[in-house]
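Asks: Handing you this structure, nothing more for now.
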Amino acid sequence: MSDDGKPGRRPANEPPRPASEGAPLPASNEPLPASDESLPPGSGDSPAPRPPQPAPHRYSLTDELPPRRGARGSAERRLPRYDGEPEGFPPTAPLVPGDPQLDSRSGRERRRMPRHEPGHEGRRSPPVAGSAPTDPRARIGVDGAADGSVGAVGQGGSVGAVGEGGPGRGGGVAGVGPGGRAAAETSGDGERRDGGRHAGRGARDGDARRHRAHIAYVVHSLNPGGTERLALDMARTFSRAARVSVLCLDEPGVWAPKARASGVEVHCLWRQPGIDLAVAARIAAFCRRERVDLIHAHQATPWFYSALARLRTRAPRLLFQEHGRFYPEVHSAKRVMLNRLLVVPLTHRVTAVSADVRARLDRYEGVPERRTEVVLNGTMAERGLSPAHRAAWRASLGFGPEHRVVGTVGRLDPIKNLPMWIEAFGRASARLPALRGVIVGDGPERAEVERLLRRRGLGERVRLTGHRDDARQMTGIFDVFALASRSEGVSMAILDAMAAGVPVVATAVGGTPEIIETPEQGWLVADEDVQGFADALAEAVRDTDTNRAVGLAGQRRYEAAFTFEDMIERYANLYGEMIGARRPLDLAAIMGAEHR
């Protein structure tokens, strides 16, 4: 299997877009934590500027991994480099503020803690107060590192056990208890020394953590997207009954602070271009050190690296979940053969979000259909907007009670086929002057979307809001939800609309026909049928009675098959079967969680 990346992933060097344009939108009934995209660099409670310092020693993410040659053998390919001291990060060892620290391997001086180097591709999310550190050295240090790197960290806690960090002695932080201070200090040979009055509490916290099942989710990142949102919702829910970590291949993402604030650990592996086998080694090291019971890999590339990690440690069970497929897909005989001979045998269970995805896994990934179980996506239903709140939200966008609003939510990516959406909207609005549009989301196609809207003369009729954390609630202000994607697994945006009782117009691609089974539940249009899409929009907007009936039928369909609770129960049972009696999950605690 080749390292092909995630479709629609934000380019690492792409700057974040503003959260919204024009007048600010009113707060929703249940406001969500703001994305860290809204925080400019250096904002918040950052310390006062430090005086100029000598250039620090620069070093790679882990000193245990030597530099390697590039893909064509022409240039060295190193891991991301760090320097400086990020705000909010605890030091790796007691140091005098401002003093350099001696590198234990080279004898050269380096600063107390690494900081993400400006200009390096990949965006580091700022730390959250009370959360575990985000420094990759502190979270993904190689076993037995000689530089005092962190081995295990709890939620919102301080150091639990400290090693000397001497050369070859496996030092560094060995265990951290949630909410406690230094519990015990050990030397490289394992001798324990008293760490103060909190030692007993730190030890008890560590024991409690050891008895809980440990689930590791492997994703590309926690940047906004349907897959990432689902993985984050699952991680937050299962953290009620298990220890949960999220391992990001490429970058933490803007949702990483939200995950840490919910008690979910987030680590980044900083994958390099090409097939980076060091990523598999880091996953294996993390699983050994942190006693991971189960790896849940979301999408094909995280699955590939998670399976390779099991060549080094067979302890964790591996579950692969496929959410959607690439567009267009290309069949690779080498990829299929590699997966069948190596990756599939290392995998315990495989799930797909739709029957269409299951068939594509067989054809393009070499995973036999008989081995794949269909587990439908589920979404949390948002509380309905009051008429007053809905009217105020629409008014903030410039829409009055006489307007009919067609909206869409998703990443502005070529796979969403927004040119077709804009063209069909333009044709429908020529017949319906009261028609207005909203596009919620951000991504690499935003400039092209703005250009097409200007060319069609729709700049005053269609609003671009940018990325919003409350996009699910915004769906409630639409009269019609429209999605013109070229490919979908099971669209979370469609499920959000159906849960809110908003009728859906969508292209009949991927798993969408498995969501909208009958014409009474929504309008399905062939891919690239612009005129058919425009006609469906006009019908859905013009006929109020049909609009209401389709919305109610879609809502019943959601409640019958796509609730978040149903999906969580299916995966809780799967996890229980895979982990077994070694460290069983408390299913009552999981299903009793309040899903917000």
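All residue names refer to the structure tokens as shown: chains lettered A, B, ... in order, residues numbered from 1 in each chain, ligands numbered from 1 in order.
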Write out, as a Markdown table, each residue of segment 374-478 of chain A that has an atom at most 10 Å from segment 216-234 of chain A, together with the closest pair of atoms and their distance in Å to one decimal, counting only C-alpha atoms, rows going by chain and rising number.
Replies:
| residue | atom | partner | partner_atom | distance |
| --- | --- | --- | --- | --- |
| A:Asn377 | CA | A:Leu230 | CA | 8.2 |
| A:Gly378 | CA | A:Leu230 | CA | 8.3 |
| A:Thr379 | CA | A:Leu230 | CA | 7.8 |
| A:Met380 | CA | A:Asp233 | CA | 9.0 |
| A:Gly410 | CA | A:Gly225 | CA | 7.3 |
| A:Arg411 | CA | A:Gly225 | CA | 6.6 |
| A:Gly441 | CA | A:Pro224 | CA | 8.8 |
| A:Asp442 | CA | A:Pro224 | CA | 8.9 |
| A:Gly443 | CA | A:Pro224 | CA | 9.6 |
| A:His467 | CA | A:Pro224 | CA | 8.0 |
| A:Arg468 | CA | A:Pro224 | CA | 9.2 |
| A:Asp469 | CA | A:Pro224 | CA | 8.6 |
Asks: Those residues with C-alpha atoms, as a PDB file, in the first residue's frame please?
Replies:
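Heads up, here's the output in part_4.pdb:
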ATOM      1  CA  ASN A 377     -22.083   6.541  10.946  1.00  0.00           C
ATOM      2  CA  GLY A 378     -24.020   8.312  13.673  1.00  0.00           C
ATOM      3  CA  THR A 379     -24.251  11.957  14.633  1.00  0.00           C
ATOM      4  CA  MET A 380     -25.430  13.772  17.735  1.00  0.00           C
ATOM      5  CA  GLY A 410     -18.201  20.923   4.379  1.00  0.00           C
ATOM      6  CA  ARG A 411     -14.594  21.405   3.502  1.00  0.00           C
ATOM      7  CA  GLY A 441     -16.589  25.702   5.671  1.00  0.00           C
ATOM      8  CA  ASP A 442     -13.087  26.467   4.498  1.00  0.00           C
ATOM      9  CA  GLY A 443     -10.398  24.797   2.457  1.00  0.00           C
ATOM     10  CA  HIS A 467     -15.047  27.357   9.245  1.00  0.00           C
ATOM     11  CA  ARG A 468     -17.393  27.381  12.241  1.00  0.00           C
ATOM     12  CA  ASP A 469     -17.352  25.050  15.231  1.00  0.00           C
TER      13      ASP A 469
END
Asks: Please identify the helix (DSSP H, G or I) residues within segment 397-461 of chain A (assignment by DSSP from backbone atoms) and present them as a count of residues only.
Replies: 27
Asks: Find the spatial neighbours of Gly511 of chain A, counting only C-alpha atoms, within a cut-off of 7 Å - ignore same-chain residues fewer than 2 positions away - and output them as a ChimeraX atom specification.
Replies: /A:354,356,488-490,509,513-515
Asks: Of the residues A:Glu450, A:Glu460, A:Asp496, A:Glu539, which is the one nearest to Gln555 of chain A, using only C-alpha atoms?
Replies: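 Nearest to Gln555 of chain A: A:Asp496.
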Asks: Which is closest to Glu528 of chain A among A:Pro419, A:Gly398, A:Gly501, A:Gly554, if we use only C-alpha atoms?
Replies: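 So, comparing all the options, the nearest one is A:Pro419.
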